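Since the structure comes first, as structure tokens, the remarks are kept for the end.
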Amino acid sequence: MLAAALGARPAGLGEALAAVDGLDDALGHGLAHLDQARAARLEPLAAACAGSPLAGRVADAVAGIVAGTVTDDHLTALAGARSALLGAAHDALLAEADAALGRAREPWSAATVPARPGHLPAAGRSWLRELALTGWRRAGAELVGSGGRTVQALIAEPAARRLAVLLEGFAAELRAAAPVAPAARIPARRWADLWARALLLGRGGLATAGTVDADGRLLLLGADLHEHPTVVHAQVHGLLESPGRGVRLVRTAVAAAKVDAVSGPSVWRRLAAFPVLRAALARHRAIEVSGLPLTPGGDLIWQESRAALGGPADPFVTARVRLAAAVAAAPPPLDRHPVAIAEPVLLEGYAAGQSTFDLGGAEIAVDLDRLPAAGPLTPALVAASTSCLGLLRWDAGCWAVQPLAVRAAAGRRPVTAHTGDWALGPTGARAAGAEAAAGTVVDVLRERAGRLLRQ
Amino acid sequence: MVTEDGVAYERRSAVPVIIPVRPRKLAEVPFVELAEGRLQGVVSSRSDPRRLYASSITARRHGLSCHTNNNRPCGSLGGGQPCKHIGALIDAAVARYGLARVAHHLEADLPEDGADLGSGLRPGTAPDRAAEVFSSFLRHLAHLDLPPSTEPLPELQWFPAAAAVR
Ligand SMILES: [Zn+2]
């Protein structure tokens with residue numbers, strides 16, 4: 001059984017996360033402000049890297065922090081060590097999930113692509129450095145705000161988009177939290193994740209691998225929506241049936257910039273450039289693809305011109321009939337982090353509680369924070385559900401299911417709801433009316449901006 | 001998942017930090033932000049459709065400033081008394097971020113009797129920030145002109161889409 005199989009904790013996971021926590025708490029207080037006890041909690045990170053190629057650099061970095069002489073190279077070594085540990089945690093957890101799901105996964109075999117130069121200007125590097133030295137707890141409005149100006153310079157540069165999207169989300173959270181009250185709780189793991197990621201991405205350390213062109217039929221499983229104040233991202237999980245290649249688990253994604261006033265169902269309007277993908281999601285249709293670039297990590301690089309709407313395809317049927325035999329790709333080594341685990345899974349025959357599914361003796365948590373306002377899924381529907389198509393995720397020490405679609409017995413008639421059902425606009429008069437009102441946000445903003453520009 | 005007494009909040013990578021935006025009407029206050037130690041935003045004039053005001057309140061000292069897009073000081077902001085633009089800005093910020101977060105950012109004492117935030121401020125005057133506010137608004141709107149993208153963005157695994165405000 002899935003939940004029972006996921007109950008075991010991989011060997012060494014606790015120690016790896018404890019080493020990460022030591023650094024995360026140090027970053028909260030500021031590397032320039034560490035007392036002896038906090039500095040000592042950096043030792044496990046260095047110890048964990050002993051015997052690896054990072055050993056010398058991480059030991060130097062810890063010594064540099066204790067001595068109060070922190071260089072950019074020290075920070076990069078710390079971020080690298082932290083990413084390596086979390087990457088190992090990811091691998092152990094994913095292996096456990098694969099075993100529990102009976103999922104076959106191809107080994108990583110892509111050639112290493114030379115790292116591209118980083119795009120983070122000196123001002124951005126010094127911002128990340130100041131943040132680490134100062135600590136999230138001490139970072140005032142001025143330091144936090146200066147990050148926003150750094151990001152502005154990156155937004156218009158297409159090659160730096162990925163870094164800009166990350167930094168905008170990170171800076172927005174720091175701004176929202178500043179000033180941090182002394183007793184306030186801070187998301188230490190999360191902010192250290194984002195900081196380390198930005199540092200490595202900014203140094204060009206996260207290269208992308210080459211692609212091959214893929215043909216065949218893409219059967220959608222569901223849409224996982226992501227957003228922060230200035231971006232919306234729809235990542236679609238599906239199965240790619242290719243002649244002679246069997247069935248592969250893949251993802252494809254589209255993203256658009258937005259402003260924070262654009263939220264809820266109207267975020268789909270920002271993705272208007274992708275009518276084929278949106279229609280396939282909203283109408284539960286397959287997609288015929290030809291020559292769509294596929295990365296070794298299983299990401300199809302979406303292109304509307306290489307995709308055509310196919311016949312009807314119910315995601316529940318797709319999952320029931322084909323998911324078990326589909327082969328998954330290995331995630332790119334540098335993207336391995338427990339937060340990246342998102343394995344499609346079909347759950348049936350459970351007893352739904354308010355935030356758990358009882359799978360016959362063992363329970364799995366349901367992540368109700370991940371029911372986006374841009375779709376029709378609600379906690380009530382999940383609690384009334386009898387089938388769930390979702391993503392298996394791991395965070396803060398436990399496994400959980402993120403629903404992408406549920407079948408529920410609401411009243412006499414069964415109801416089915418998918419996160420992508422509103423990709424072409426909400427169904428149902430009430431939600432559609434609210435979206436129509438909210439959808440004018442962009443027009444209002446442009447008109448007001450026009451008053452300034454006409455001056 | 002997030003328990004207030006446990007450690008999950010500190011050790012959760014995908015924990016929601018920014019509370020979901022509540023939909024609000026934008027016609028009167030098209031832009032509001034908590035930034036750089038200020039609450040600031042753009043407020044439409046009710047009488048002149050061509051006019052916009054840049055209004056701001058500084059944290060701690062609660063200095064007020066309000067200027068038009070013609071670079072004129074707001075006529076009804078005098079002697080530290082908030083003008084109606086400042087009032088509209090506060091209302092929009094509370095609708096957008098919630099009262100607690102706005103009060104925290106401004107380091108204002110929340111009135112205990114449930115009165116609005118404005119009565120908890122002890123305002124003075126502050127330097128003109130209109131140019132910064134208007135350009136921040138335009139920079140923010142520049143996002144609407146960026147082309148969409150299809151390259152993998154693995155960092156967005158940290159940013160689940162906001163749940164509905166329930
Ligand atoms: Zn005024």
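Following the order of the structure tokens, chains are lettered A, B, ..., residues in each are numbered from 1, and ligands are numbered from 1.
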Could you give me, as JSON lines, every chain B residue with an atom at most 9 Å from ligand 1, plus its closest atom pair and distance in Å to one decimal, counting only C-alpha atoms and all ligand atoms, rows ordered by chain then number?
{"residue": "B:Val43", "atom": "CA", "partner": "ligand 1", "partner_atom_place_in_ligand_line": "1 (Zn)", "distance": 8.4}
{"residue": "B:Ser45", "atom": "CA", "partner": "ligand 1", "partner_atom_place_in_ligand_line": "1 (Zn)", "distance": 8.9}
{"residue": "B:Tyr53", "atom": "CA", "partner": "ligand 1", "partner_atom_place_in_ligand_line": "1 (Zn)", "distance": 6.5}
{"residue": "B:Ala54", "atom": "CA", "partner": "ligand 1", "partner_atom_place_in_ligand_line": "1 (Zn)", "distance": 7.9}
{"residue": "B:Ser55", "atom": "CA", "partner": "ligand 1", "partner_atom_place_in_ligand_line": "1 (Zn)", "distance": 6.6}
{"residue": "B:Ser65", "atom": "CA", "partner": "ligand 1", "partner_atom_place_in_ligand_line": "1 (Zn)", "distance": 7.6}
{"residue": "B:Cys66", "atom": "CA", "partner": "ligand 1", "partner_atom_place_in_ligand_line": "1 (Zn)", "distance": 4.7}
{"residue": "B:His67", "atom": "CA", "partner": "ligand 1", "partner_atom_place_in_ligand_line": "1 (Zn)", "distance": 6.6}
{"residue": "B:Thr68", "atom": "CA", "partner": "ligand 1", "partner_atom_place_in_ligand_line": "1 (Zn)", "distance": 8.0}
{"residue": "B:Pro73", "atom": "CA", "partner": "ligand 1", "partner_atom_place_in_ligand_line": "1 (Zn)", "distance": 7.8}
{"residue": "B:Cys74", "atom": "CA", "partner": "ligand 1", "partner_atom_place_in_ligand_line": "1 (Zn)", "distance": 4.6}
{"residue": "B:Gly75", "atom": "CA", "partner": "ligand 1", "partner_atom_place_in_ligand_line": "1 (Zn)", "distance": 6.9}
{"residue": "B:Ser76", "atom": "CA", "partner": "ligand 1", "partner_atom_place_in_ligand_line": "1 (Zn)", "distance": 5.9}
{"residue": "B:Leu77", "atom": "CA", "partner": "ligand 1", "partner_atom_place_in_ligand_line": "1 (Zn)", "distance": 5.5}
{"residue": "B:Pro82", "atom": "CA", "partner": "ligand 1", "partner_atom_place_in_ligand_line": "1 (Zn)", "distance": 7.4}
{"residue": "B:Cys83", "atom": "CA", "partner": "ligand 1", "partner_atom_place_in_ligand_line": "1 (Zn)", "distance": 4.7}
{"residue": "B:Lys84", "atom": "CA", "partner": "ligand 1", "partner_atom_place_in_ligand_line": "1 (Zn)", "distance": 6.0}
{"residue": "B:His85", "atom": "CA", "partner": "ligand 1", "partner_atom_place_in_ligand_line": "1 (Zn)", "distance": 4.4}
{"residue": "B:Ile86", "atom": "CA", "partner": "ligand 1", "partner_atom_place_in_ligand_line": "1 (Zn)", "distance": 6.0}
{"residue": "B:Gly87", "atom": "CA", "partner": "ligand 1", "partner_atom_place_in_ligand_line": "1 (Zn)", "distance": 8.7}
Contacts of Ile18 (chain B) at 9 Å (only C-alpha atoms; same-chain gap of 2+ positions) as an MDAnalysis selection string: (chainID A and resid 172:173 176:177 228:229) or (chainID B and resid 16 20:21 162)
Counting only C-alpha atoms, what are the residues of region 13-103 of chain A within 12 Å of region 399-421 of chain A, and for each of them which pair of atoms is the nearest and at what distance in Å, to one decimal? Sort the table by chain and rising number, as a Markdown table.
| residue | atom | partner | partner_atom | distance |
| --- | --- | --- | --- | --- |
| A:Leu93 | CA | A:Trp399 | CA | 9.6 |
| A:Leu94 | CA | A:Trp399 | CA | 11.1 |
| A:Glu96 | CA | A:Trp399 | CA | 10.9 |
| A:Ala97 | CA | A:Trp399 | CA | 9.4 |
| A:Ala100 | CA | A:Trp399 | CA | 11.9 |
Keeping only N, CA and C atoms, take the residues you just selected and write them out as an mmCIF file, in the first residue's frame.
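Now in out.cif:
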data_model
loop_
_atom_site.group_PDB
_atom_site.id
_atom_site.type_symbol
_atom_site.label_atom_id
_atom_site.label_comp_id
_atom_site.auth_asym_id
_atom_site.auth_seq_id
_atom_site.Cartn_x
_atom_site.Cartn_y
_atom_site.Cartn_z
ATOM 1 N N LEU A 93 14.323 10.076 -1.449
ATOM 2 C CA LEU A 93 12.866 10.155 -1.338
ATOM 3 C C LEU A 93 12.190 9.721 -2.633
ATOM 4 N N LEU A 94 12.765 10.134 -3.765
ATOM 5 C CA LEU A 94 12.150 9.766 -5.047
ATOM 6 C C LEU A 94 12.242 8.252 -5.268
ATOM 7 N N GLU A 96 12.143 6.064 -2.972
ATOM 8 C CA GLU A 96 11.099 5.498 -2.123
ATOM 9 C C GLU A 96 9.721 5.622 -2.796
ATOM 10 N N ALA A 97 9.471 6.790 -3.383
ATOM 11 C CA ALA A 97 8.195 6.997 -4.066
ATOM 12 C C ALA A 97 8.069 6.057 -5.261
ATOM 13 N N ALA A 100 7.221 2.668 -4.053
ATOM 14 C CA ALA A 100 5.848 2.577 -3.568
ATOM 15 C C ALA A 100 4.843 2.584 -4.719
#
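CA of His233 (chain A) is positioned 23.7 Å from CA of Gly428 (chain A).
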Residues of chain B in alpha helix (DSSP H), written as a ChimeraX atom specification: /B:84-97,99-106,130-141
Keeping N, CA, C and O atoms for every residue in the selection just given, could you write it to a file as a CSV table (one decimal), in the first residue's frame?
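Okay, out-v2.csv is ready:
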chain,number,residue,atom,x,y,z
B,84,LYS,N,-8.2,63.0,1.3
B,84,LYS,CA,-9.0,61.9,1.0
B,84,LYS,C,-8.2,60.8,0.2
B,84,LYS,O,-8.6,59.7,0.2
B,85,HIS,N,-7.2,61.3,-0.5
B,85,HIS,CA,-6.3,60.4,-1.3
B,85,HIS,C,-5.6,59.4,-0.3
B,85,HIS,O,-5.5,58.2,-0.6
B,86,ILE,N,-5.1,60.0,0.8
B,86,ILE,CA,-4.4,59.2,1.8
B,86,ILE,C,-5.4,58.2,2.4
B,86,ILE,O,-5.1,57.0,2.6
B,87,GLY,N,-6.6,58.7,2.6
B,87,GLY,CA,-7.6,57.8,3.2
B,87,GLY,C,-7.9,56.6,2.2
B,87,GLY,O,-8.0,55.5,2.6
B,88,ALA,N,-8.0,57.0,0.9
B,88,ALA,CA,-8.3,55.9,-0.1
B,88,ALA,C,-7.2,54.9,-0.2
B,88,ALA,O,-7.4,53.7,-0.3
B,89,LEU,N,-5.9,55.5,-0.1
B,89,LEU,CA,-4.8,54.6,-0.1
B,89,LEU,C,-4.8,53.6,1.0
B,89,LEU,O,-4.5,52.4,0.8
B,90,ILE,N,-5.1,54.1,2.2
B,90,ILE,CA,-5.1,53.2,3.4
B,90,ILE,C,-6.2,52.1,3.2
B,90,ILE,O,-6.0,50.9,3.4
B,91,ASP,N,-7.4,52.6,2.8
B,91,ASP,CA,-8.4,51.6,2.6
B,91,ASP,C,-8.0,50.5,1.6
B,91,ASP,O,-8.3,49.3,1.7
B,92,ALA,N,-7.4,51.0,0.5
B,92,ALA,CA,-7.0,50.0,-0.6
B,92,ALA,C,-5.9,49.0,0.0
B,92,ALA,O,-5.9,47.8,-0.3
B,93,ALA,N,-5.0,49.6,0.8
B,93,ALA,CA,-3.9,48.7,1.3
B,93,ALA,C,-4.5,47.7,2.3
B,93,ALA,O,-4.1,46.5,2.3
B,94,VAL,N,-5.5,48.1,3.1
B,94,VAL,CA,-6.1,47.2,4.0
B,94,VAL,C,-6.9,46.1,3.3
B,94,VAL,O,-6.8,44.9,3.6
B,95,ALA,N,-7.5,46.5,2.2
B,95,ALA,CA,-8.3,45.6,1.4
B,95,ALA,C,-7.3,44.6,0.7
B,95,ALA,O,-7.6,43.4,0.6
B,96,ARG,N,-6.1,45.1,0.3
B,96,ARG,CA,-5.2,44.3,-0.4
B,96,ARG,C,-4.4,43.4,0.5
B,96,ARG,O,-4.1,42.2,0.2
B,97,TYR,N,-3.9,43.9,1.6
B,97,TYR,CA,-2.9,43.2,2.5
B,97,TYR,C,-3.5,42.7,3.8
B,97,TYR,O,-2.9,42.0,4.5
B,99,LEU,N,-5.4,44.4,7.5
B,99,LEU,CA,-5.1,45.5,8.4
B,99,LEU,C,-3.8,45.2,9.2
B,99,LEU,O,-3.0,46.1,9.4
B,100,ALA,N,-3.6,43.9,9.6
B,100,ALA,CA,-2.5,43.6,10.5
B,100,ALA,C,-1.2,43.9,9.8
B,100,ALA,O,-0.2,44.5,10.3
B,101,ARG,N,-1.1,43.5,8.5
B,101,ARG,CA,0.1,43.6,7.8
B,101,ARG,C,0.5,45.1,7.5
B,101,ARG,O,1.6,45.5,7.6
B,102,VAL,N,-0.6,45.9,7.2
B,102,VAL,CA,-0.3,47.3,6.9
B,102,VAL,C,0.1,48.0,8.2
B,102,VAL,O,1.1,48.8,8.2
B,103,ALA,N,-0.5,47.7,9.3
B,103,ALA,CA,-0.2,48.3,10.6
B,103,ALA,C,1.3,47.9,11.0
B,103,ALA,O,2.0,48.7,11.4
B,104,HIS,N,1.6,46.6,10.7
B,104,HIS,CA,2.9,46.2,11.0
B,104,HIS,C,4.0,46.9,10.2
B,104,HIS,O,5.0,47.3,10.7
B,105,HIS,N,3.7,47.0,8.9
B,105,HIS,CA,4.7,47.7,8.0
B,105,HIS,C,4.9,49.1,8.4
B,105,HIS,O,6.0,49.7,8.4
B,106,LEU,N,3.8,49.8,8.8
B,106,LEU,CA,3.9,51.2,9.2
B,106,LEU,C,4.3,51.4,10.6
B,106,LEU,O,4.5,52.5,11.0
B,130,ALA,N,6.6,61.6,-5.1
B,130,ALA,CA,5.7,61.4,-6.3
B,130,ALA,C,6.4,60.7,-7.4
B,130,ALA,O,5.9,59.7,-8.0
B,131,ALA,N,7.6,61.2,-7.8
B,131,ALA,CA,8.3,60.7,-8.9
B,131,ALA,C,8.6,59.2,-8.7
B,131,ALA,O,8.4,58.4,-9.6
B,132,GLU,N,9.0,58.8,-7.5
B,132,GLU,CA,9.3,57.4,-7.2
B,132,GLU,C,8.1,56.6,-7.3
B,132,GLU,O,8.1,55.4,-7.8
B,133,VAL,N,7.0,57.1,-6.7
B,133,VAL,CA,5.8,56.3,-6.7
B,133,VAL,C,5.3,56.1,-8.1
B,133,VAL,O,4.9,54.9,-8.5
B,134,PHE,N,5.2,57.1,-8.9
B,134,PHE,CA,4.7,57.0,-10.3
B,134,PHE,C,5.7,56.0,-11.1
B,134,PHE,O,5.2,55.2,-11.9
B,135,SER,N,7.0,56.1,-10.9
B,135,SER,CA,7.8,55.3,-11.7
B,135,SER,C,7.8,53.8,-11.2
B,135,SER,O,7.9,52.9,-12.0
B,136,SER,N,7.5,53.6,-9.9
B,136,SER,CA,7.3,52.3,-9.4
B,136,SER,C,6.1,51.7,-10.0
B,136,SER,O,6.1,50.5,-10.4
B,137,PHE,N,5.0,52.5,-10.1
B,137,PHE,CA,3.8,52.0,-10.8
B,137,PHE,C,4.1,51.6,-12.2
B,137,PHE,O,3.7,50.5,-12.7
B,138,LEU,N,4.8,52.4,-12.9
B,138,LEU,CA,5.0,52.1,-14.4
B,138,LEU,C,5.9,50.9,-14.5
B,138,LEU,O,5.8,50.0,-15.4
B,139,ARG,N,6.9,50.7,-13.6
B,139,ARG,CA,7.8,49.6,-13.6
B,139,ARG,C,7.0,48.3,-13.4
B,139,ARG,O,7.2,47.3,-14.0
B,140,HIS,N,6.1,48.4,-12.4
B,140,HIS,CA,5.2,47.3,-12.1
B,140,HIS,C,4.4,46.9,-13.3
B,140,HIS,O,4.3,45.7,-13.7
B,141,LEU,N,3.9,47.9,-14.0
B,141,LEU,CA,3.0,47.6,-15.2
B,141,LEU,C,3.9,47.0,-16.3
B,141,LEU,O,3.3,46.4,-17.3
Write out as a ChimeraX atom specification the residues lying within 7 Å of region 288-292 of chain A, counting only C-alpha atoms and excluding same-chain residues fewer than 6 positions away. /A:213-218,300-303,306-310
Those residues you just picked out, can you put them in a file as a CSV table (one decimal), in the first residue's frame with N, CA, C and O atoms?
chain,number,residue,atom,x,y,z
A,213,ASP,N,13.7,16.1,-30.5
A,213,ASP,CA,12.4,16.4,-30.9
A,213,ASP,C,11.5,15.2,-30.7
A,213,ASP,O,11.9,14.1,-31.0
A,214,ALA,N,10.3,15.4,-30.1
A,214,ALA,CA,9.4,14.3,-29.8
A,214,ALA,C,8.1,14.4,-30.6
A,214,ALA,O,7.6,15.6,-30.9
A,215,ASP,N,7.6,13.3,-31.0
A,215,ASP,CA,6.3,13.2,-31.8
A,215,ASP,C,5.4,12.3,-31.0
A,215,ASP,O,5.9,11.4,-30.3
A,216,GLY,N,4.1,12.4,-31.3
A,216,GLY,CA,3.2,11.5,-30.7
A,216,GLY,C,2.0,12.2,-30.1
A,216,GLY,O,1.6,13.3,-30.4
A,217,ARG,N,1.3,11.4,-29.3
A,217,ARG,CA,0.1,11.9,-28.7
A,217,ARG,C,0.3,12.2,-27.2
A,217,ARG,O,0.8,11.3,-26.5
A,218,LEU,N,-0.1,13.4,-26.8
A,218,LEU,CA,0.1,13.8,-25.4
A,218,LEU,C,-1.2,13.7,-24.7
A,218,LEU,O,-2.2,14.4,-25.1
A,300,LEU,N,8.7,18.8,-21.9
A,300,LEU,CA,8.5,19.2,-23.3
A,300,LEU,C,8.4,20.7,-23.4
A,300,LEU,O,7.8,21.4,-22.6
A,301,ILE,N,9.2,21.3,-24.3
A,301,ILE,CA,9.2,22.8,-24.5
A,301,ILE,C,8.0,23.1,-25.4
A,301,ILE,O,8.1,22.9,-26.6
A,302,TRP,N,7.0,23.7,-24.8
A,302,TRP,CA,5.8,23.9,-25.5
A,302,TRP,C,5.9,24.8,-26.7
A,302,TRP,O,6.6,25.9,-26.6
A,303,GLN,N,5.3,24.5,-27.8
A,303,GLN,CA,5.2,25.4,-29.0
A,303,GLN,C,3.8,25.1,-29.6
A,303,GLN,O,3.6,24.0,-30.1
A,306,ARG,N,3.5,23.5,-33.0
A,306,ARG,CA,3.8,22.1,-33.1
A,306,ARG,C,2.9,21.2,-32.4
A,306,ARG,O,3.2,20.0,-32.0
A,307,ALA,N,1.7,21.7,-32.1
A,307,ALA,CA,0.7,21.0,-31.3
A,307,ALA,C,-0.7,21.2,-31.9
A,307,ALA,O,-1.0,22.3,-32.4
A,308,ALA,N,-1.5,20.2,-31.9
A,308,ALA,CA,-2.9,20.3,-32.4
A,308,ALA,C,-3.8,19.5,-31.5
A,308,ALA,O,-3.4,18.5,-30.9
A,309,LEU,N,-5.0,20.1,-31.4
A,309,LEU,CA,-6.0,19.5,-30.5
A,309,LEU,C,-6.4,18.2,-31.0
A,309,LEU,O,-6.7,18.0,-32.2
A,310,GLY,N,-6.4,17.1,-30.2
A,310,GLY,CA,-6.8,15.8,-30.6
A,310,GLY,C,-8.2,15.4,-30.0
A,310,GLY,O,-8.9,16.3,-29.7
With a distance cut-off of 9 Å and only C-alpha atoms, select the neighbouring residues of region 181-192 of chain A, excluding the residue or stretch itself and same-chain residues fewer than 6 positions from it, and output the selection as a CSV table (one decimal) with C-alpha atoms, in the first residue's frame.
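Writing done, so here's part_37.csv:
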chain,number,residue,atom,x,y,z
A,20,VAL,CA,20.9,21.9,6.2
A,21,ASP,CA,18.9,23.3,9.2
A,23,LEU,CA,23.0,26.7,7.8
A,24,ASP,CA,19.3,27.8,7.4
A,25,ASP,CA,19.2,29.1,11.0
A,27,LEU,CA,21.2,32.6,7.5
A,28,GLY,CA,18.2,33.7,9.5
A,79,ALA,CA,25.0,27.1,-1.3
A,136,TRP,CA,16.5,37.5,7.3
A,137,ARG,CA,15.7,38.6,10.8
A,138,ARG,CA,17.7,41.8,10.7
A,170,PHE,CA,12.0,36.0,-3.2
A,173,GLU,CA,8.3,37.7,0.3
A,174,LEU,CA,11.1,39.5,2.1
B,9,TYR,CA,6.6,26.3,9.2
B,10,GLU,CA,10.3,26.7,9.6
B,11,ARG,CA,11.1,23.5,7.7
B,12,ARG,CA,8.7,23.6,4.9
B,13,SER,CA,10.0,24.6,1.5
B,14,ALA,CA,6.7,25.4,-0.2
B,15,VAL,CA,5.0,27.1,2.8
B,17,VAL,CA,4.3,33.2,2.9
B,158,TRP,CA,8.5,26.7,-4.6
Please compute the CA of Val212 (chain A)-CA of Ala423 (chain A) distance, one decimal, in Å.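 Calculated distance between CA of Val212 (chain A) and CA of Ala423 (chain A) is 28.4 Å.
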So that I can check the surroundings of region 59-74 of chain A, please list as a list in words every protein, DNA and RNA residue that reaches within 7 Å of it, counting only C-alpha atoms and ignoring chain neighbours fewer than 6 positions away. Leu31, Ala32, Ala39, Leu42 and Ala46 of chain A
Mind checking which residues fall within 10 Å of region 235-244 of chain A, counting only C-alpha atoms, ignoring those fewer than 2 positions away in the same chain, and posting them as a PyMOL selection string? (chain A and resi 214-226+232-233+246-255+277+281+286-290+298-300+315+318-319+322-323+326-328+342-344+390-391+404+420) or (chain B and resi 150+152-154+156-157)
Which is closer to Ala234 (chain A) than all the others in A:Ala156, A:Ala313, A:Ala178, A:Ala374, using only C-alpha atoms? A:Ala374
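Minimum distance to Arg370 (chain A) across B:Gly41, B:Gly98, B:Pro160, B:Pro49 (counting only C-alpha atoms) occurs at B:Pro160.
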Within 8 Å of Gly145 (chain A), counting only C-alpha atoms, which residues show up once you throw out same-chain ones fewer than 2 positions away? Write them as a CSV table (one decimal) with C-alpha atoms, in the first residue's frame, please.
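See out-v2.csv below for the written result:
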chain,number,residue,atom,x,y,z
A,141,ALA,CA,13.2,47.7,4.5
A,142,GLU,CA,16.2,49.4,2.8
A,143,LEU,CA,18.2,46.3,2.2
A,147,GLY,CA,16.9,43.8,-4.2
A,148,GLY,CA,13.8,44.9,-6.0
A,149,ARG,CA,15.8,47.4,-8.0
A,171,ALA,CA,12.2,39.8,-2.9
A,175,ARG,CA,9.3,42.8,1.5
B,35,ALA,CA,7.9,49.2,-0.1
B,36,GLU,CA,11.0,50.8,1.2
Residue set, region 39-156 of chain B restricted to strand (DSSP E or B), as a VMD selection string: chain B and resid 39 to 44 52 to 58 63 to 68 73 78 81 124 to 125 149
